[in-house]
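Asker: Dropping in structure05.txt, which is compact mmCIF, C-alpha atoms and all ligand atoms:
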# COMPACT_ATOMS: atom_id res chain seq x y z
CA SER A 918 54.29 -53.63 35.76
CA GLY A 919 56.38 -53.13 38.94
CA GLY A 920 59.06 -50.99 37.26
CA ASP A 921 56.41 -48.78 35.77
CA SER A 922 54.72 -47.94 39.03
CA GLU A 923 57.99 -47.05 40.78
CA ASP A 924 58.74 -44.33 38.23
CA LYS A 925 55.21 -43.07 38.03
CA VAL A 926 54.52 -39.67 39.58
CA TYR A 927 50.88 -39.50 40.65
CA LYS A 928 49.18 -36.19 40.03
CA VAL A 929 47.20 -35.11 43.08
CA GLY A 930 44.34 -32.62 42.73
CA VAL A 931 43.98 -30.26 45.67
CA ASP A 932 41.76 -27.21 46.18
CA THR A 933 43.47 -23.85 45.52
CA THR A 934 42.81 -22.67 49.04
CA TYR A 935 40.99 -24.56 51.78
CA PRO A 936 42.69 -24.02 55.14
CA PRO A 937 43.39 -25.98 57.31
CA PHE A 938 43.37 -28.70 54.60
CA GLU A 939 45.37 -26.92 51.91
CA PHE A 940 46.77 -23.40 51.77
CA GLN A 941 49.87 -21.57 50.65
CA GLU A 942 52.39 -20.15 53.08
CA ASP A 943 55.61 -18.58 51.79
CA GLY A 944 54.83 -19.99 48.35
CA GLU A 945 54.57 -23.56 49.66
CA TYR A 946 51.45 -25.66 49.95
CA LYS A 947 50.74 -26.99 53.41
CA GLY A 948 47.81 -28.28 55.44
CA ILE A 949 46.20 -31.49 56.65
CA ASP A 950 45.50 -32.86 53.15
CA ILE A 951 49.00 -32.00 51.92
CA ASP A 952 50.74 -33.58 54.91
CA LEU A 953 48.50 -36.66 54.79
CA ILE A 954 49.03 -37.40 51.10
CA ASN A 955 52.78 -36.79 51.41
CA ALA A 956 52.97 -39.14 54.41
CA ILE A 957 50.86 -41.80 52.64
CA ALA A 958 53.07 -41.57 49.53
CA GLU A 959 56.19 -41.88 51.64
CA ASP A 960 54.78 -44.82 53.61
CA GLN A 961 53.73 -46.64 50.42
CA GLY A 962 56.75 -45.68 48.31
CA PHE A 963 55.12 -43.69 45.53
CA LYS A 964 55.81 -40.21 44.19
CA ILE A 965 53.30 -37.39 43.92
CA GLN A 966 52.97 -33.98 42.36
CA LEU A 967 50.40 -31.47 43.65
CA GLU A 968 47.98 -29.90 41.15
CA PRO A 969 46.03 -27.09 42.85
CA MET A 970 42.80 -26.10 41.05
CA ASP A 971 39.30 -24.78 41.63
CA PHE A 972 37.39 -27.46 43.51
CA SER A 973 34.77 -27.78 40.76
CA GLY A 974 37.51 -28.73 38.26
CA ILE A 975 38.91 -31.66 40.22
CA ILE A 976 36.53 -34.50 39.31
CA PRO A 977 36.34 -33.39 35.64
CA ALA A 978 40.17 -33.37 35.55
CA MET A 979 40.22 -36.92 36.94
CA GLN A 980 37.74 -38.00 34.27
CA ALA A 981 39.95 -36.38 31.61
CA GLY A 982 42.91 -38.41 32.88
CA GLU A 983 44.75 -35.34 34.16
CA LEU A 984 44.70 -36.38 37.83
CA ASP A 985 45.36 -39.71 39.56
CA ILE A 986 44.34 -38.79 43.11
CA ALA A 987 42.20 -36.07 44.71
CA ILE A 988 42.48 -34.93 48.31
CA ALA A 989 40.62 -31.66 48.71
CA GLY A 990 38.41 -31.75 51.78
CA MET A 991 36.21 -33.76 49.44
CA SER A 992 33.12 -35.21 51.06
CA ILE A 993 32.20 -38.81 50.32
CA THR A 994 28.82 -38.68 48.53
CA ASP A 995 26.75 -41.24 46.64
CA LYS A 996 26.68 -38.95 43.61
CA ARG A 997 30.48 -38.77 43.45
CA LYS A 998 30.76 -42.52 44.04
CA LYS A 999 29.31 -42.97 40.55
CA VAL A 1000 32.53 -41.56 39.06
CA VAL A 1001 35.21 -41.97 41.73
CA ASP A 1002 36.23 -44.54 44.31
CA PHE A 1003 36.90 -43.16 47.80
CA SER A 1004 39.39 -44.24 50.44
CA GLU A 1005 38.29 -44.96 53.98
CA PRO A 1006 37.03 -41.72 55.59
CA TYR A 1007 39.80 -39.56 57.08
CA PHE A 1008 37.97 -36.57 58.59
CA GLU A 1009 34.46 -35.78 59.90
CA ALA A 1010 32.83 -32.65 58.55
CA GLY A 1011 29.44 -31.26 57.54
CA LEU A 1012 27.88 -27.99 56.46
CA SER A 1013 27.18 -24.81 58.41
CA LEU A 1014 25.19 -21.69 57.64
CA VAL A 1015 27.29 -18.53 58.02
CA THR A 1016 26.30 -14.83 58.12
CA ALA A 1017 28.00 -11.49 58.71
CA GLU A 1018 29.05 -10.93 62.31
CA GLY A 1019 26.29 -9.11 64.18
CA ASN A 1020 23.50 -10.23 61.84
CA SER A 1021 20.69 -11.14 64.25
CA GLU A 1022 18.01 -11.49 61.58
CA ILE A 1023 19.11 -14.83 60.11
CA LYS A 1024 19.02 -17.54 62.75
CA SER A 1025 18.25 -20.56 60.57
CA LEU A 1026 17.32 -21.64 57.04
CA GLU A 1027 13.75 -20.44 57.76
CA ASP A 1028 15.00 -16.84 57.82
CA LEU A 1029 16.44 -16.97 54.27
CA ASN A 1030 13.27 -16.03 52.39
CA GLY A 1031 14.21 -13.39 49.80
CA LYS A 1032 17.89 -13.56 50.80
CA THR A 1033 20.99 -14.39 48.78
CA VAL A 1034 23.24 -17.31 49.70
CA ALA A 1035 26.82 -17.61 48.38
CA VAL A 1036 28.17 -21.07 47.63
CA LYS A 1037 31.29 -22.54 46.03
CA LYS A 1038 30.76 -24.27 42.69
CA GLY A 1039 30.72 -28.06 42.68
CA THR A 1040 30.60 -28.47 46.46
CA THR A 1041 28.22 -30.23 48.81
CA GLY A 1042 27.32 -26.72 50.03
CA ALA A 1043 26.27 -25.70 46.51
CA ASN A 1044 24.31 -28.91 46.20
CA PHE A 1045 22.56 -28.37 49.55
CA ALA A 1046 21.64 -24.81 48.52
CA THR A 1047 20.27 -25.94 45.15
CA GLU A 1048 18.13 -28.60 46.82
CA ASN A 1049 16.74 -26.17 49.43
CA LYS A 1050 16.42 -22.81 47.67
CA ASP A 1051 12.79 -23.23 46.61
CA LYS A 1052 11.71 -24.57 49.98
CA TYR A 1053 13.21 -21.58 51.84
CA GLY A 1054 12.88 -18.98 49.07
CA PHE A 1055 16.50 -17.85 48.71
CA GLU A 1056 18.64 -17.05 45.66
CA ILE A 1057 22.06 -18.61 45.06
CA VAL A 1058 25.25 -16.87 43.94
CA GLN A 1059 28.00 -19.28 42.87
CA VAL A 1060 31.70 -18.46 43.18
CA ASN A 1061 34.90 -20.41 42.45
CA ASP A 1062 36.72 -20.47 45.78
CA SER A 1063 36.17 -20.12 49.51
CA THR A 1064 37.95 -16.76 49.80
CA SER A 1065 35.53 -15.19 47.29
CA MET A 1066 32.60 -16.82 49.06
CA PHE A 1067 33.63 -15.32 52.42
CA GLN A 1068 34.01 -11.90 50.75
CA GLU A 1069 30.50 -12.04 49.26
CA VAL A 1070 29.10 -12.05 52.80
CA SER A 1071 31.65 -9.81 54.54
CA ASN A 1072 31.17 -7.09 51.89
CA GLY A 1073 27.37 -7.44 51.96
CA SER A 1074 26.84 -8.79 48.42
CA ALA A 1075 25.27 -11.95 49.86
CA ASP A 1076 23.35 -12.44 53.12
CA ALA A 1077 24.71 -15.87 53.99
CA LEU A 1078 27.01 -18.64 52.81
CA ILE A 1079 27.28 -22.38 53.30
CA GLU A 1080 30.69 -23.84 54.11
CA ASP A 1081 32.13 -26.94 55.77
CA TYR A 1082 32.13 -26.46 59.54
CA PRO A 1083 35.81 -27.34 60.16
CA VAL A 1084 36.87 -24.88 57.44
CA ILE A 1085 34.74 -21.93 58.49
CA SER A 1086 35.46 -22.39 62.19
CA TYR A 1087 39.21 -22.51 61.45
CA ALA A 1088 38.97 -19.42 59.23
CA ILE A 1089 37.05 -17.44 61.87
CA ALA A 1090 39.55 -18.46 64.57
CA GLN A 1091 42.52 -17.46 62.39
CA ASP A 1092 41.34 -14.18 60.89
CA ASP A 1093 39.00 -11.33 61.66
CA LEU A 1094 36.67 -12.22 58.77
CA GLY A 1095 33.56 -10.50 60.13
CA LEU A 1096 31.62 -13.77 59.84
CA GLN A 1097 29.67 -15.92 62.29
CA VAL A 1098 28.36 -19.49 62.26
CA VAL A 1099 24.58 -19.68 62.68
CA GLY A 1100 22.69 -22.50 64.40
CA ASP A 1101 23.38 -26.22 64.29
CA ARG A 1102 25.23 -28.00 61.51
CA LEU A 1103 23.05 -28.63 58.45
CA ASN A 1104 24.30 -32.19 57.93
CA GLY A 1105 27.24 -34.47 58.60
CA ASP A 1106 29.68 -36.13 56.23
CA ASN A 1107 33.21 -37.47 55.91
CA TYR A 1108 36.17 -36.56 53.75
CA GLY A 1109 37.73 -39.24 51.57
CA ILE A 1110 40.63 -39.46 49.14
CA ALA A 1111 39.39 -40.13 45.59
CA VAL A 1112 40.72 -42.01 42.57
CA LEU A 1113 38.98 -42.50 39.22
CA LYS A 1114 36.36 -45.23 39.58
CA GLY A 1115 37.05 -48.79 38.63
CA GLU A 1116 40.58 -48.39 37.27
CA ASN A 1117 42.71 -47.82 40.34
CA ASP A 1118 42.17 -50.66 42.78
CA GLU A 1119 45.89 -51.08 43.41
CA LEU A 1120 46.46 -47.37 44.07
CA LEU A 1121 43.40 -47.16 46.32
CA LYS A 1122 44.66 -50.16 48.30
CA LYS A 1123 47.99 -48.38 48.85
CA ILE A 1124 46.19 -45.19 49.93
CA ASN A 1125 44.09 -47.12 52.44
CA GLU A 1126 47.09 -49.06 53.73
CA GLY A 1127 49.09 -45.85 54.10
CA LEU A 1128 46.23 -44.13 55.91
CA ALA A 1129 45.82 -47.09 58.29
CA ASN A 1130 49.58 -47.10 58.97
CA LEU A 1131 49.56 -43.35 59.75
CA LYS A 1132 46.66 -43.84 62.16
CA GLU A 1133 48.48 -46.72 63.83
CA SER A 1134 51.84 -44.94 64.12
CA GLY A 1135 50.43 -41.72 65.57
CA LYS A 1136 51.49 -39.72 62.49
CA TYR A 1137 47.84 -39.05 61.57
CA ASP A 1138 47.16 -37.52 65.02
CA GLU A 1139 50.40 -35.55 64.79
CA ILE A 1140 49.34 -34.02 61.44
CA LEU A 1141 45.88 -33.06 62.73
CA ASN A 1142 47.43 -31.63 65.86
CA THR A 1143 49.84 -29.49 63.80
CA TYR A 1144 46.91 -27.57 62.34
CA LEU A 1145 44.10 -28.00 64.88
CA GLY A 1146 46.03 -28.39 68.10
CA ASP A 1147 45.38 -24.91 69.42
CA GLN A 1148 41.66 -24.87 68.59
N1 LIG B 1 33.50 -30.88 51.49
C1 LIG B 1 32.89 -30.10 50.46
C2 LIG B 1 32.65 -30.94 49.24
O1 LIG B 1 33.09 -32.04 49.19
C3 LIG B 1 33.72 -28.87 50.09
C4 LIG B 1 35.07 -29.19 49.54
C5 LIG B 1 35.88 -27.99 49.15
O2 LIG B 1 35.35 -26.89 49.05
N2 LIG B 1 37.17 -28.18 48.94
O3 LIG B 1 32.03 -30.52 48.31
What do you get writing this file as structure tokens?

Answerer:
Amino acid sequence: SGGDSEDKVYKVGVDTTYPPFEFQEDGEYKGIDIDLINAIAEDQGFKIQLEPMDFSGIIPAMQAGELDIAIAGMSITDKRKKVVDFSEPYFEAGLSLVTAEGNSEIKSLEDLNGKTVAVKKGTTGANFATENKDKYGFEIVQVNDSTSMFQEVSNGSADALIEDYPVISYAIAQDDLGLQVVGDRLNGDNYGIAVLKGENDELLKKINEGLANLKESGKYDEILNTYLGDQ
């Protein structure tokens, strides 16, 4: 079906806002994920259309056949591997605990007894919080996007939040959010590009080939440097 695949426009699920991976500037989406998937598509000769949505909606949309590809700072996890196939890893991440700037009471998970922790629905952070809330005695408040999660803590509605380290450190460096990272990272993981499991071997092969070519040509480093160069 060669003719078919040349005309096909792959729908790519991205998070609504997840700087430096995806964010809007002057009405345009940009960021590491956006530049990477555009460069992969160009390298491999396929067309894409971005479909920004709440992170928690991305895998369900793939399962409903509404998305072909997801690149959304999405961590490769065993649970997700039951429903999607991931590309080779493209970025190292992991979770951090975050509090309001100047909070000296919460220094680690041990200090969360009786506290409220904000998380973003459907994320590894939400999953980590769910698995640990009884052990450490905290309550969870779930929100739809990272901006709302940051606000929960900066306006005092929640005592802490859990976010990917590269995302929160970028956000704190860019804006005066009134937030601080607490302690060591809670875990480590890797981002991958996802396609619906079992049905997309050819597309996944192209994604992996494109990614390898970008790493080889220096384009991958150039993209990372565009957003992280001054950090
Ligand atoms: N990396 C985290 C996850 O995979 C968060 C992703 C996101 O919020 N876009 O769940």

Asker: For ligand LIG 1 (chain B), which residue among A:Asp1118, A:Asp924, A:Glu1005, A:Glu1080 is the nearest when counting all atoms listed in the file?

Answerer: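 Closest candidate: A:Glu1080.
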
Asker: Do a neighbour search on range 935-951 of chain A at 7 Å with only C-alpha atoms, toss out local chain neighbours closer than 4 positions, and write the hits as JSON, numbers by chain.

Answerer: {"A": [955, 988, 989, 990, 1063, 1084, 1087, 1140, 1141, 1144]}

Asker: For ligand LIG 1 (chain B), which residue among A:Phe972, A:Tyr1137, A:Phe1055, A:Phe1008 is the nearest when counting all atoms listed in the file?

Answerer: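 Looking at the shortest contact to ligand LIG 1 (chain B), the residue is A:Phe972.
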
Asker: Excluding same-chain residues fewer than 4 positions from Pro977 in chain A, what lies within 12 Å of it counting only C-alpha atoms, as a list in words?

Answerer: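 That gives Gly930, Met970, Asp971, Phe972, Ser973, Ala981, Gly982, Glu983, Leu984, Asp985, Ala987, Arg997, Val1000, Val1001, Gly1039, Val1112 and Leu1113 of chain A.
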
Asker: Go through chain A residue by residue and, counting only C-alpha atoms and all ligand atoms, keep those with an atom at most 8 Å from ligand LIG 1 (chain B); for each kept residue give the shortest atom pair and its distance in Å to one decimal, ordered by chain and increasing number, as JSON lines.

Answerer:
{"residue": "A:Val931", "atom": "CA", "partner": "B:LIG1", "partner_atom": "N2", "distance": 7.8}
{"residue": "A:Asp932", "atom": "CA", "partner": "B:LIG1", "partner_atom": "N2", "distance": 5.4}
{"residue": "A:Thr934", "atom": "CA", "partner": "B:LIG1", "partner_atom": "N2", "distance": 7.9}
{"residue": "A:Tyr935", "atom": "CA", "partner": "B:LIG1", "partner_atom": "N2", "distance": 6.0}
{"residue": "A:Phe972", "atom": "CA", "partner": "B:LIG1", "partner_atom": "N2", "distance": 5.5}
{"residue": "A:Ala989", "atom": "CA", "partner": "B:LIG1", "partner_atom": "N2", "distance": 4.9}
{"residue": "A:Gly990", "atom": "CA", "partner": "B:LIG1", "partner_atom": "N2", "distance": 4.7}
{"residue": "A:Met991", "atom": "CA", "partner": "B:LIG1", "partner_atom": "O1", "distance": 3.6}
{"residue": "A:Ser992", "atom": "CA", "partner": "B:LIG1", "partner_atom": "O1", "distance": 3.7}
{"residue": "A:Ile993", "atom": "CA", "partner": "B:LIG1", "partner_atom": "O1", "distance": 6.9}
{"residue": "A:Thr994", "atom": "CA", "partner": "B:LIG1", "partner_atom": "O1", "distance": 7.9}
{"residue": "A:Ala1010", "atom": "CA", "partner": "B:LIG1", "partner_atom": "N1", "distance": 7.3}
{"residue": "A:Gly1011", "atom": "CA", "partner": "B:LIG1", "partner_atom": "N1", "distance": 7.3}
{"residue": "A:Lys1037", "atom": "CA", "partner": "B:LIG1", "partner_atom": "O2", "distance": 6.7}
{"residue": "A:Gly1039", "atom": "CA", "partner": "B:LIG1", "partner_atom": "O3", "distance": 6.3}
{"residue": "A:Thr1040", "atom": "CA", "partner": "B:LIG1", "partner_atom": "O3", "distance": 3.1}
{"residue": "A:Thr1041", "atom": "CA", "partner": "B:LIG1", "partner_atom": "O3", "distance": 3.9}
{"residue": "A:Gly1042", "atom": "CA", "partner": "B:LIG1", "partner_atom": "O3", "distance": 6.3}
{"residue": "A:Ala1043", "atom": "CA", "partner": "B:LIG1", "partner_atom": "O3", "distance": 7.7}
{"residue": "A:Asp1062", "atom": "CA", "partner": "B:LIG1", "partner_atom": "O2", "distance": 7.3}
{"residue": "A:Ser1063", "atom": "CA", "partner": "B:LIG1", "partner_atom": "O2", "distance": 6.8}
{"residue": "A:Glu1080", "atom": "CA", "partner": "B:LIG1", "partner_atom": "C3", "distance": 7.1}
{"residue": "A:Asp1081", "atom": "CA", "partner": "B:LIG1", "partner_atom": "N1", "distance": 6.0}
{"residue": "A:Asn1107", "atom": "CA", "partner": "B:LIG1", "partner_atom": "N1", "distance": 7.9}
{"residue": "A:Tyr1108", "atom": "CA", "partner": "B:LIG1", "partner_atom": "N1", "distance": 6.7}

Asker: Using Å and a single decimal, report how far CA of Gln1097 in chain A sits from CA of Thr1143 in chain A.

Answerer: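 Between CA of Thr1143 in chain A and CA of Gln1097 in chain A the gap works out to 24.4 Å.
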